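Dumped work_35.txt below, it's compact mmCIF, C-alpha atoms and all ligand atoms:
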```
# COMPACT_ATOMS: atom_id res chain seq x y z
CA PHE A 17 -13.98 -14.03 3.85
CA PRO A 18 -12.52 -17.00 5.64
CA VAL A 19 -12.83 -19.90 3.31
CA ALA A 20 -16.62 -20.23 3.41
CA THR A 21 -17.70 -17.95 0.59
CA HIS A 22 -17.48 -20.62 -2.08
CA THR A 23 -20.81 -19.60 -3.51
CA LEU A 24 -19.18 -16.48 -4.94
CA ARG A 25 -17.00 -18.62 -7.14
CA SER A 26 -18.08 -19.16 -10.67
CA LEU A 27 -15.76 -22.18 -10.82
CA PRO A 28 -16.19 -25.54 -9.17
CA VAL A 29 -14.35 -25.33 -5.85
CA GLU A 30 -11.74 -27.91 -6.81
CA MET A 31 -10.62 -25.71 -9.72
CA PHE A 32 -9.74 -22.78 -7.50
CA PRO A 33 -7.30 -21.23 -7.90
CA ARG A 34 -6.82 -21.60 -11.61
CA PRO A 35 -3.15 -21.73 -12.65
CA PRO A 36 -1.48 -18.46 -13.69
CA LYS A 37 -2.19 -17.31 -17.25
CA LYS A 38 0.28 -18.44 -19.85
CA ASP A 39 2.71 -16.23 -21.78
CA ILE A 40 2.98 -13.39 -19.27
CA ASP A 41 6.40 -12.01 -18.32
CA TRP A 42 5.49 -12.19 -14.63
CA ALA A 43 8.80 -10.81 -13.36
CA ASN A 44 8.64 -7.51 -15.25
CA LEU A 45 5.26 -5.92 -14.66
CA SER A 46 4.58 -2.26 -13.95
CA LEU A 47 1.97 -0.64 -11.72
CA SER A 48 -0.69 -0.61 -14.45
CA LEU A 49 -2.83 -3.06 -16.35
CA ASN A 50 0.27 -3.80 -18.46
CA GLY A 51 -1.78 -3.77 -21.65
CA ASN A 52 -4.14 -6.46 -20.37
CA ALA A 53 -7.34 -4.39 -20.69
CA SER A 54 -9.62 -4.95 -17.71
CA LEU A 55 -8.34 -8.46 -16.91
CA ASN A 56 -11.45 -10.32 -15.73
CA GLY A 57 -13.09 -7.17 -14.39
CA HIS A 58 -13.39 -5.07 -11.24
CA VAL A 59 -15.98 -5.19 -8.48
CA GLU A 60 -18.31 -2.25 -7.95
CA VAL A 61 -20.85 -1.16 -5.34
CA ARG A 62 -22.75 2.11 -5.13
CA HIS A 63 -23.95 3.88 -1.99
CA SER A 64 -27.08 5.99 -1.92
CA LEU A 65 -27.05 8.88 0.53
CA SER A 66 -30.85 9.03 0.74
CA THR A 67 -31.32 5.36 1.61
CA ASN A 68 -27.92 4.97 3.30
CA LYS A 69 -27.58 1.59 1.56
CA TRP A 70 -24.97 -0.07 -0.60
CA SER A 71 -25.92 -1.96 -3.74
CA THR A 72 -25.03 -5.64 -4.12
CA PRO A 73 -21.41 -6.12 -5.25
CA ARG A 74 -21.10 -6.99 -8.93
CA ILE A 75 -18.21 -7.79 -11.21
CA VAL A 76 -17.97 -5.37 -14.13
CA ALA A 77 -15.88 -6.62 -17.05
CA ASP A 78 -14.54 -3.17 -17.88
CA GLU A 79 -11.83 -0.96 -16.42
CA ASN A 80 -14.04 2.11 -16.97
CA ILE A 81 -16.63 3.43 -14.54
CA ALA A 82 -19.41 5.82 -15.60
CA VAL A 83 -19.45 8.83 -13.26
CA SER A 84 -20.83 12.34 -13.52
CA GLY A 85 -18.42 14.94 -14.86
CA LEU A 86 -19.82 17.14 -12.10
CA SER A 87 -19.01 14.67 -9.36
CA PRO A 88 -17.01 15.81 -6.31
CA GLY A 89 -14.70 12.86 -6.91
CA LEU A 90 -13.55 14.46 -10.16
CA ASN A 91 -13.91 18.12 -9.22
CA TYR A 92 -12.84 18.31 -5.60
CA GLY A 93 -10.76 15.19 -5.11
CA GLN A 94 -13.41 13.69 -2.84
CA GLN A 95 -11.86 10.26 -2.87
CA CYS A 96 -9.57 7.92 -1.02
CA TYR A 97 -7.93 4.64 -1.91
CA GLU A 98 -6.08 1.62 -0.62
CA GLY A 99 -3.32 -0.67 -1.85
CA LEU A 100 -2.99 -4.28 -0.76
CA LYS A 101 -1.62 -7.53 -2.10
CA ALA A 102 -2.57 -11.14 -2.82
CA PHE A 103 -0.20 -14.05 -3.39
CA ARG A 104 -0.28 -17.68 -4.37
CA SER A 105 0.65 -19.34 -1.14
CA ALA A 106 1.53 -22.83 -0.06
CA ARG A 107 -0.94 -24.64 2.20
CA PRO A 108 -0.92 -28.27 3.35
CA GLN A 109 -3.92 -28.96 1.10
CA GLY A 110 -2.22 -27.30 -1.91
CA GLU A 111 -1.85 -23.84 -3.35
CA THR A 112 -4.30 -21.13 -2.46
CA ILE A 113 -4.60 -17.35 -2.79
CA THR A 114 -3.88 -15.27 0.27
CA VAL A 115 -4.61 -11.61 0.90
CA PHE A 116 -2.32 -9.82 3.32
CA ARG A 117 -3.96 -7.93 6.20
CA PRO A 118 -7.23 -6.94 4.51
CA ASN A 119 -8.68 -5.80 7.84
CA PHE A 120 -5.87 -3.30 8.32
CA HIS A 121 -6.68 -1.81 4.91
CA ALA A 122 -10.45 -1.79 5.45
CA ALA A 123 -9.92 0.11 8.70
CA ARG A 124 -7.47 2.54 7.10
CA MET A 125 -9.91 3.22 4.28
CA ALA A 126 -12.66 3.92 6.82
CA ARG A 127 -10.44 6.57 8.45
CA SER A 128 -9.59 8.17 5.11
CA ALA A 129 -13.27 8.10 4.08
CA GLU A 130 -14.29 9.97 7.21
CA ALA A 131 -11.65 12.63 6.50
CA VAL A 132 -13.17 13.37 3.06
CA CYS A 133 -16.83 12.96 4.12
CA LEU A 134 -17.46 9.70 2.26
CA PRO A 135 -19.48 6.75 3.57
CA ALA A 136 -17.00 3.93 4.22
CA PRO A 137 -17.79 0.36 3.18
CA SER A 138 -18.08 -1.79 6.30
CA GLN A 139 -15.29 -4.25 6.91
CA GLU A 140 -17.68 -7.01 5.89
CA LEU A 141 -18.51 -5.35 2.57
CA PHE A 142 -14.84 -4.57 1.94
CA LEU A 143 -13.95 -8.25 2.43
CA GLU A 144 -16.88 -9.49 0.35
CA CYS A 145 -15.86 -7.29 -2.57
CA LEU A 146 -12.26 -8.33 -2.21
CA ASN A 147 -13.17 -11.98 -2.26
CA LYS A 148 -15.31 -11.55 -5.32
CA VAL A 149 -12.78 -9.67 -7.41
CA ILE A 150 -9.92 -12.03 -6.54
CA ILE A 151 -11.96 -15.09 -7.38
CA ALA A 152 -12.85 -13.55 -10.74
CA ASN A 153 -9.17 -12.79 -11.40
CA ASP A 154 -7.46 -15.80 -9.82
CA GLU A 155 -5.60 -16.65 -13.02
CA TRP A 156 -3.92 -13.20 -12.86
CA VAL A 157 -2.26 -13.93 -9.51
CA PRO A 158 1.43 -14.42 -10.41
CA PRO A 159 3.14 -17.77 -9.95
CA SER A 160 4.62 -18.28 -6.50
CA ASN A 161 8.19 -18.45 -7.80
CA THR A 162 8.32 -14.75 -8.77
CA GLU A 163 8.63 -11.57 -6.69
CA SER A 164 5.44 -10.32 -8.34
CA PHE A 165 2.02 -10.25 -6.70
CA LEU A 166 -1.58 -9.33 -7.38
CA TYR A 167 -1.91 -5.64 -6.57
CA ILE A 168 -5.33 -4.72 -5.21
CA ARG A 169 -6.56 -1.17 -5.54
CA PRO A 170 -9.81 -0.30 -3.70
CA VAL A 171 -11.03 3.20 -4.53
CA LEU A 172 -13.90 5.20 -3.02
CA PHE A 173 -15.22 8.47 -4.43
CA GLY A 174 -18.21 10.80 -4.67
CA SER A 175 -19.62 9.97 -8.09
CA SER A 176 -22.93 11.78 -8.77
CA SER A 177 -23.26 15.44 -9.77
CA ASN A 178 -22.95 17.91 -6.93
CA LEU A 179 -20.77 20.97 -7.05
CA ALA A 180 -22.01 22.28 -3.71
CA LEU A 181 -19.58 21.55 -0.94
CA CYS A 182 -21.54 18.71 0.60
CA PRO A 183 -21.63 14.94 0.01
CA PRO A 184 -23.28 13.81 -3.25
CA GLU A 185 -26.17 11.36 -3.51
CA GLU A 186 -23.97 8.60 -4.86
CA THR A 187 -20.60 7.18 -3.78
CA ILE A 188 -18.85 4.40 -5.66
CA PHE A 189 -16.63 1.82 -4.03
CA ALA A 190 -14.70 -0.25 -6.57
CA ILE A 191 -11.82 -2.69 -6.32
CA PHE A 192 -9.43 -3.22 -9.22
CA VAL A 193 -6.72 -5.88 -9.34
CA PHE A 194 -3.77 -6.55 -11.59
CA PRO A 195 -0.46 -8.41 -11.34
CA THR A 196 2.60 -6.27 -10.77
CA SER A 197 6.26 -6.44 -9.71
CA PRO A 198 7.70 -4.45 -6.76
CA TYR A 199 7.35 -0.74 -7.57
CA HIS A 200 10.94 0.39 -7.04
CA GLY A 201 12.55 -2.90 -8.09
CA ALA A 202 14.83 -4.81 -5.74
CA GLU A 203 17.91 -2.58 -5.99
CA ALA A 204 18.98 -0.15 -3.27
CA ALA A 205 17.83 3.41 -4.00
CA LYS A 206 19.28 6.83 -3.27
CA ALA A 207 16.84 9.23 -1.61
CA LEU A 208 16.58 13.02 -1.81
CA VAL A 209 14.91 15.23 0.79
CA LEU A 210 12.26 17.31 -0.99
CA GLU A 211 12.86 20.85 0.15
CA ASP A 212 10.86 22.88 -2.40
CA PHE A 213 7.55 21.24 -1.62
CA ASP A 214 5.59 20.49 1.57
CA ARG A 215 3.56 17.32 1.25
CA ALA A 216 1.47 17.71 4.40
CA ALA A 217 0.46 20.66 6.54
CA PRO A 218 0.38 20.30 10.33
CA LYS A 219 -3.17 19.20 11.26
CA GLY A 220 -3.73 18.52 7.56
CA MET A 221 -4.36 15.45 5.43
CA GLY A 222 -0.93 13.81 5.52
CA ALA A 223 -2.10 10.76 7.47
CA TYR A 224 -4.89 9.87 5.04
CA LYS A 225 -4.62 7.80 1.91
CA VAL A 226 -6.10 10.31 -0.50
CA GLY A 227 -5.01 11.09 -4.04
CA GLY A 228 -4.10 14.65 -3.03
CA ASN A 229 -1.09 13.29 -1.16
CA TYR A 230 0.31 11.75 -4.32
CA ALA A 231 -0.27 13.67 -7.58
CA PRO A 232 1.35 16.94 -6.39
CA VAL A 233 4.58 15.06 -5.63
CA TRP A 234 5.09 13.68 -9.14
CA ARG A 235 6.84 16.64 -10.68
CA HIS A 236 9.25 16.84 -7.77
CA ALA A 237 9.87 13.08 -7.73
CA ALA A 238 10.44 13.12 -11.51
CA LYS A 239 13.03 15.90 -11.15
CA ALA A 240 14.76 13.95 -8.37
CA LYS A 241 14.70 10.80 -10.46
CA ALA A 242 16.39 12.58 -13.34
CA GLN A 243 19.18 13.38 -10.85
CA GLY A 244 19.50 9.71 -9.86
CA TYR A 245 17.26 9.63 -6.78
CA GLY A 246 14.76 6.78 -6.87
CA LEU A 247 13.08 7.95 -3.65
CA THR A 248 12.04 11.31 -2.25
CA LEU A 249 11.74 11.99 1.47
CA HIS A 250 9.50 14.47 3.27
CA LEU A 251 10.46 16.29 6.45
CA ASP A 252 7.84 18.00 8.61
CA SER A 253 6.50 21.12 6.92
CA ALA A 254 6.46 23.29 10.02
CA SER A 255 10.14 23.08 10.89
CA GLN A 256 11.86 21.02 8.16
CA THR A 257 13.47 19.16 11.03
CA TYR A 258 11.80 15.77 11.49
CA VAL A 259 11.55 12.83 9.13
CA GLU A 260 7.99 12.00 8.07
CA GLU A 261 7.89 9.51 5.19
CA PHE A 262 8.98 8.80 1.64
CA SER A 263 6.61 9.95 -1.09
CA THR A 264 5.59 6.40 -1.95
CA SER A 265 6.33 4.54 1.25
CA GLY A 266 7.09 4.62 4.97
CA PHE A 267 10.44 5.24 6.69
CA VAL A 268 11.90 2.53 8.94
CA GLY A 269 15.37 2.74 10.44
CA HIS A 270 17.63 0.39 12.38
CA LYS A 271 20.54 0.87 14.72
CA LYS A 272 22.36 -1.21 17.28
CA GLY A 273 21.68 -0.27 20.90
CA GLN A 274 24.52 0.10 23.41
CA THR A 275 24.27 -3.55 24.44
CA GLY A 276 24.19 -4.68 20.83
CA GLN A 277 20.40 -4.97 20.87
CA ASP A 278 18.55 -4.36 17.60
CA VAL A 279 16.61 -1.11 17.71
CA MET A 280 13.89 -0.26 15.18
CA ILE A 281 13.24 3.44 14.64
CA ILE A 282 9.85 4.61 13.32
CA PRO A 283 9.09 8.31 12.94
CA ASP A 284 6.36 9.38 15.32
CA THR A 285 4.40 11.88 13.27
CA GLU A 286 0.76 12.67 12.67
CA ASN A 287 1.46 13.45 9.03
CA ALA A 288 2.43 10.03 7.66
CA ILE A 289 0.15 7.29 6.38
CA ALA A 290 0.02 4.22 8.64
CA SER A 291 1.80 1.47 6.73
CA ALA A 292 0.73 -2.19 6.95
CA THR A 293 4.25 -3.25 5.98
CA CYS A 294 5.82 -1.08 8.68
CA ASP A 295 3.33 -2.36 11.23
CA SER A 296 4.15 -5.96 10.26
CA LEU A 297 7.90 -5.36 10.56
CA MET A 298 7.30 -3.80 13.95
CA SER A 299 5.34 -6.83 15.19
CA LEU A 300 8.03 -9.24 14.01
CA ALA A 301 10.75 -7.10 15.54
CA ARG A 302 8.91 -7.10 18.85
CA LEU A 303 8.56 -10.91 18.71
CA LYS A 304 12.30 -11.14 18.16
CA GLY A 305 13.03 -8.99 21.20
CA TRP A 306 14.08 -5.84 19.35
CA LYS A 307 13.56 -2.49 20.98
CA ILE A 308 11.02 -0.40 19.11
CA GLU A 309 11.42 3.34 19.25
CA ARG A 310 8.51 5.24 17.76
CA ILE A 311 9.87 8.70 18.28
CA PRO A 312 10.21 12.02 16.47
CA VAL A 313 13.25 11.44 14.22
CA PRO A 314 15.28 14.62 13.64
CA PHE A 315 16.98 14.56 10.26
CA SER A 316 20.21 15.27 12.13
CA SER A 317 19.90 11.87 13.89
CA ILE A 318 19.68 9.65 10.82
CA ARG A 319 23.46 9.36 10.65
CA ASP A 320 23.15 7.15 13.76
CA LEU A 321 21.20 4.58 11.74
CA ASP A 322 22.95 1.70 10.02
CA GLU A 323 20.00 0.77 7.82
CA VAL A 324 16.97 2.54 6.39
CA VAL A 325 14.27 0.80 4.38
CA ALA A 326 11.35 2.35 2.47
CA VAL A 327 8.33 0.17 3.12
CA GLY A 328 4.95 0.02 1.46
CA THR A 329 2.53 -2.28 -0.27
CA ALA A 330 3.71 -1.62 -3.82
CA ALA A 331 7.27 -0.84 -2.78
CA ALA A 332 7.60 -3.87 -0.46
CA ALA A 333 10.95 -3.05 1.21
CA VAL A 334 13.45 -0.92 -0.68
CA PRO A 335 16.92 -0.66 0.86
CA VAL A 336 17.91 3.01 1.07
CA GLU A 337 21.52 3.48 0.07
CA SER A 338 21.80 7.13 1.08
CA ILE A 339 19.76 10.24 1.85
CA THR A 340 20.84 13.62 0.47
CA ARG A 341 19.76 17.05 1.69
CA ASN A 342 20.91 19.69 -0.74
CA SER A 343 20.40 22.77 1.45
CA SER A 344 22.98 21.52 3.96
CA GLY A 345 25.08 19.66 1.41
CA GLU A 346 24.76 16.43 3.41
CA THR A 347 24.61 12.89 2.11
CA VAL A 348 24.15 10.23 4.77
CA VAL A 349 25.15 6.78 3.52
CA PHE A 350 23.77 3.56 5.00
CA ALA A 351 26.10 1.07 3.45
CA ASP A 352 27.52 -1.52 5.75
CA GLY A 353 24.78 -2.60 8.13
CA GLU A 354 23.85 -6.22 8.68
CA LYS A 355 20.61 -5.66 6.74
CA ARG A 356 18.53 -6.63 9.75
CA LEU A 357 15.45 -4.82 8.43
CA LEU A 358 15.70 -6.53 5.06
CA HIS A 359 15.94 -9.84 6.87
CA LEU A 360 12.68 -9.04 8.71
CA ALA A 361 11.07 -7.94 5.44
CA ALA A 362 12.03 -11.29 3.92
CA ILE A 363 10.20 -13.04 6.77
CA VAL A 364 7.08 -10.95 6.04
CA ALA A 365 7.37 -12.01 2.37
CA ASP A 366 7.69 -15.65 3.45
CA ILE A 367 4.58 -15.35 5.61
CA GLN A 368 2.69 -13.80 2.70
CA ARG A 369 3.60 -16.75 0.47
CA GLY A 370 2.90 -19.41 3.09
CA HIS A 371 6.55 -20.42 3.55
CA VAL A 372 6.58 -19.38 7.21
CA ALA A 373 3.75 -19.87 9.72
CA ASP A 374 1.45 -16.89 10.04
CA THR A 375 1.40 -16.63 13.82
CA GLU A 376 -0.07 -13.12 13.72
CA GLY A 377 -3.22 -13.98 11.76
CA TRP A 378 -2.34 -11.63 8.87
CA CYS A 379 -3.14 -13.92 5.93
CA TYR A 380 -6.70 -14.38 4.68
CA ASP A 381 -7.15 -17.26 2.31
CA VAL A 382 -9.67 -16.57 -0.45
C1 LIG B 1 0.86 1.42 -2.30
O1 LIG B 1 2.01 1.08 -2.01
O2 LIG B 1 -0.07 0.60 -2.34
C2 LIG B 1 0.55 2.81 -2.61
O3 LIG B 1 -0.60 3.15 -2.61
C3 LIG B 1 1.64 3.75 -2.97
C4 LIG B 1 1.54 4.17 -4.41
C5 LIG B 1 2.59 5.19 -4.69
C6 LIG B 1 1.68 3.02 -5.36
```

Transcribe the structure of this file into structure tokens.
Ligand code: COI
Amino acid sequence: FPVATHTLRSLPVEMFPRPPKKDIDWANLSLSLNGNASLNGHVEVRHSLSTNKWSTPRIVADENIAVSGLSPGLNYGQQCYEGLKAFRSARPQGETITVFRPNFHAARMARSAEAVCLPAPSQELFLECLNKVIIANDEWVPPSNTESFLYIRPVLFGSSSNLALCPPEETIFAIFVFPTSPYHGAEAAKALVLEDFDRAAPKGMGAYKVGGNYAPVWRHAAKAKAQGYGLTLHLDSASQTYVEEFSTSGFVGHKKGQTGQDVMIIPDTENAIASATCDSLMSLARLKGWKIERIPVPFSSIRDLDEVVAVGTAAAAVPVESITRNSSGETVVFADGEKRLLHLAAIVADIQRGHVADTEGWCYDV
């Protein structure tokens, strides 16, 4: 994945990356193909259970994948996925395309795969596929002067027919890419605690990036949205006491310590998905001498915070204006902080686009 894989490129090296496509409204893209059919294709590999081997990665110029209607991926939700980003970034030798923390995502996918009994692509295969699909779609990476980015969606699922509750012969690993703009926009959002629905059971699947953690939330999030809440927040299912995460993103809080020190608060819970963005903010905060508190966060303590941000790959960093809990009639407002978390998030964005040195080794140039 480091620069050497030029042989995967169908273009002469000096033409990489191609400039962004013309006539695209890069600033206003949704989390879909935006009517652009399959772009320049996705990458696909298939795993055979009997040989325990993956096929050679190939670009398929189609957004569709042929799978058995009797596959456990379709019937039992035997799947997991990832979300990561690529940017046009500035380098001394000119513009290149950078993927943010692909190793973090490969490792997270391996953990999710194990939880749903799927063979995980090795880190090497994950990176090879990533490289291939980005090179094929380089002209779809948005220009560097927009907030938009290339969204990368790796997906892994049991694909051949098998309705018995055991792994099927075939598993597909595919990576799709498309340009998109930040999922929740740049405006501050109001959040609502979801009290009629438990996202994750104790000792359940809450920490894994599987589809089952997302689709069941839609109807509740849609209802909240109709009431003006752009975000929904989950508390722990067992006691409805501790903050876990937003439905689409992680929870990060800030407060000033007694000596005026910056303190970052991250909920310590086994039911939230590890977030690359949160992890990156945490590393930067540590470098800047902040105190990091990864602790159980009772809902009753969030009024001590002066800033809360919802962080995720697609979301980037959404400032949370307030959090409402209907059962207790509370609305906690986070209005007048110094926006220290947003400042850190802007540094992460600058690292991603090559405007600030990547001292942590997060950026992988394609
Ligand atoms: C991501 O941020 O990449 C996710 O997978 C969250 C999803 C709701 C878009």

Calculate how many Å separate atom CA of A:Asp366 from atom CA of A:Phe194, rounding to one decimal.
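These atoms are spaced 21.0 Å apart.
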
With all atoms listed in the file counted and 12 Å as the cut-off, give the residues of stretch 181-296 of chain A in contact with stretch 108-122 of chain A, each with its shortest interatomic distance in Å and the pair that gives it, as JSON lines.
```
{"residue": "A:Phe189", "atom": "CA", "partner": "A:Ala122", "partner_atom": "CA", "distance": 11.9}
{"residue": "A:Ile191", "atom": "CA", "partner": "A:Ala122", "partner_atom": "CA", "distance": 11.9}
{"residue": "A:Val193", "atom": "CA", "partner": "A:Val115", "partner_atom": "CA", "distance": 11.9}
{"residue": "A:Tyr224", "atom": "CA", "partner": "A:His121", "partner_atom": "CA", "distance": 11.8}
{"residue": "A:Lys225", "atom": "CA", "partner": "A:His121", "partner_atom": "CA", "distance": 10.3}
{"residue": "A:Ile289", "atom": "CA", "partner": "A:His121", "partner_atom": "CA", "distance": 11.5}
{"residue": "A:Ala290", "atom": "CA", "partner": "A:Phe120", "partner_atom": "CA", "distance": 9.6}
{"residue": "A:Ser291", "atom": "CA", "partner": "A:Phe120", "partner_atom": "CA", "distance": 9.2}
{"residue": "A:Ala292", "atom": "CA", "partner": "A:Phe120", "partner_atom": "CA", "distance": 6.8}
{"residue": "A:Thr293", "atom": "CA", "partner": "A:Arg117", "partner_atom": "CA", "distance": 9.5}
{"residue": "A:Cys294", "atom": "CA", "partner": "A:Phe120", "partner_atom": "CA", "distance": 11.9}
{"residue": "A:Asp295", "atom": "CA", "partner": "A:Phe120", "partner_atom": "CA", "distance": 9.7}
{"residue": "A:Ser296", "atom": "CA", "partner": "A:Arg117", "partner_atom": "CA", "distance": 9.3}
```

Collect all residues with atoms no farther than 6 Å from ligand LIG 1 (chain B), counting all atoms listed in the file, and output them as a ChimeraX atom specification.
/A:99-100,264,328-331

Shell of 12 Å around A:Asn91, all atoms listed in the file, local chain residues under 6 positions omitted, as a ChimeraX atom specification:
/A:83-85,173-181,184

Please list as a CSV table (one decimal) with C-alpha atoms, in the frame of the given file every residue within 12 Å of A:His371, counting only C-alpha atoms and excluding residues in the same chain fewer than 2 positions away.
```csv
chain,number,residue,atom,x,y,z
A,103,PHE,CA,-0.2,-14.0,-3.4
A,104,ARG,CA,-0.3,-17.7,-4.4
A,105,SER,CA,0.6,-19.3,-1.1
A,106,ALA,CA,1.5,-22.8,-0.1
A,107,ARG,CA,-0.9,-24.6,2.2
A,108,PRO,CA,-0.9,-28.3,3.4
A,111,GLU,CA,-1.8,-23.8,-3.4
A,160,SER,CA,4.6,-18.3,-6.5
A,161,ASN,CA,8.2,-18.4,-7.8
A,362,ALA,CA,12.0,-11.3,3.9
A,363,ILE,CA,10.2,-13.0,6.8
A,364,VAL,CA,7.1,-11.0,6.0
A,365,ALA,CA,7.4,-12.0,2.4
A,366,ASP,CA,7.7,-15.6,3.4
A,367,ILE,CA,4.6,-15.4,5.6
A,368,GLN,CA,2.7,-13.8,2.7
A,369,ARG,CA,3.6,-16.8,0.5
A,373,ALA,CA,3.8,-19.9,9.7
A,374,ASP,CA,1.4,-16.9,10.0
A,379,CYS,CA,-3.1,-13.9,5.9
```

Quick one: pull the distance between atom CA of A:Leu146 and atom CA of A:Leu360, Å, one decimal.
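Going from atom CA of A:Leu146 over to atom CA of A:Leu360 covers 27.2 Å.
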
I'd like the contact shell of stretch 65-75 of chain A - 6 Å cut-off, all atoms listed in the file, skipping same-chain residues fewer than 6 positions apart - returned as a PyMOL selection string.
chain A and resi 58-59+185

Spatial neighbours of A:Ser255, 12 Å, all atoms listed in the file, chain gap at least 4 places, as an mmCIF file with C-alpha atoms, keeping the file's coordinate frame:
```cif
data_model
loop_
_atom_site.group_PDB
_atom_site.id
_atom_site.type_symbol
_atom_site.label_atom_id
_atom_site.label_comp_id
_atom_site.auth_asym_id
_atom_site.auth_seq_id
_atom_site.Cartn_x
_atom_site.Cartn_y
_atom_site.Cartn_z
ATOM 1 C CA GLU A 211 12.860 20.850 0.150
ATOM 2 C CA ASP A 214 5.590 20.490 1.570
ATOM 3 C CA ALA A 217 0.460 20.660 6.540
ATOM 4 C CA PRO A 218 0.380 20.300 10.330
ATOM 5 C CA HIS A 250 9.500 14.470 3.270
ATOM 6 C CA LEU A 251 10.460 16.290 6.450
ATOM 7 C CA VAL A 259 11.550 12.830 9.130
ATOM 8 C CA GLU A 260 7.990 12.000 8.070
ATOM 9 C CA PRO A 314 15.280 14.620 13.640
ATOM 10 C CA PHE A 315 16.980 14.560 10.260
#
```

Return the single residue from A:Pro283, A:Pro88, A:Pro183, A:Gly269 that is closest to A:Val336, with distances computed using all atoms listed in the file.
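Checking each candidate against A:Val336, we get A:Gly269 as the closest.
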
To box stretch 319-332 of chain A, take all atoms listed in the file, fit an axis-aligned box, add 3 Å on each side, and give centre and edge lengths in Å to one decimal, as AutoDock Vina command-line options.
```
--center_x 13.0 --center_y 2.7 --center_z 5.0 --size_x 26.9 --size_y 19.2 --size_z 23.6
```

Atom CA of A:Glu203 to atom CA of A:Glu337: how many Å, to one decimal?
9.3 Å

Got a sec: who's within 9 Å of A:Gly227, counting all atoms listed in the file, leaving out chain neighbours fewer than 6 positions off, as a ChimeraX atom specification?
/A:93-97

From A:Gly273, A:Pro335, A:Gly266, A:Gly89, residue lying nearest A:Lys206 [all atoms listed in the file]
A:Pro335

Here is a test: counting only C-alpha atoms, which residue of A:Glu186, A:Asp78, A:Glu163, A:Glu354 is nearest to A:Ser64?
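Distance minimum relative to A:Ser64 lands on A:Glu186.
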
Sel. within 12 Å of pt (-2.8, -22.7, -12.8), counting all atoms listed in the file, output as a PDB file with C-alpha atoms, in the frame of the given file:
```
ATOM      1  CA  GLU A  30     -11.740 -27.910  -6.810  1.00  0.00           C
ATOM      2  CA  MET A  31     -10.620 -25.710  -9.720  1.00  0.00           C
ATOM      3  CA  PHE A  32      -9.740 -22.780  -7.500  1.00  0.00           C
ATOM      4  CA  PRO A  33      -7.300 -21.230  -7.900  1.00  0.00           C
ATOM      5  CA  ARG A  34      -6.820 -21.600 -11.610  1.00  0.00           C
ATOM      6  CA  PRO A  35      -3.150 -21.730 -12.650  1.00  0.00           C
ATOM      7  CA  PRO A  36      -1.480 -18.460 -13.690  1.00  0.00           C
ATOM      8  CA  LYS A  37      -2.190 -17.310 -17.250  1.00  0.00           C
ATOM      9  CA  LYS A  38       0.280 -18.440 -19.850  1.00  0.00           C
ATOM     10  CA  ARG A 104      -0.280 -17.680  -4.370  1.00  0.00           C
ATOM     11  CA  GLY A 110      -2.220 -27.300  -1.910  1.00  0.00           C
ATOM     12  CA  GLU A 111      -1.850 -23.840  -3.350  1.00  0.00           C
ATOM     13  CA  THR A 112      -4.300 -21.130  -2.460  1.00  0.00           C
ATOM     14  CA  ILE A 113      -4.600 -17.350  -2.790  1.00  0.00           C
ATOM     15  CA  ASN A 153      -9.170 -12.790 -11.400  1.00  0.00           C
ATOM     16  CA  ASP A 154      -7.460 -15.800  -9.820  1.00  0.00           C
ATOM     17  CA  GLU A 155      -5.600 -16.650 -13.020  1.00  0.00           C
ATOM     18  CA  TRP A 156      -3.920 -13.200 -12.860  1.00  0.00           C
ATOM     19  CA  VAL A 157      -2.260 -13.930  -9.510  1.00  0.00           C
ATOM     20  CA  PRO A 158       1.430 -14.420 -10.410  1.00  0.00           C
ATOM     21  CA  PRO A 159       3.140 -17.770  -9.950  1.00  0.00           C
ATOM     22  CA  SER A 160       4.620 -18.280  -6.500  1.00  0.00           C
TER      23      SER A 160
END
```
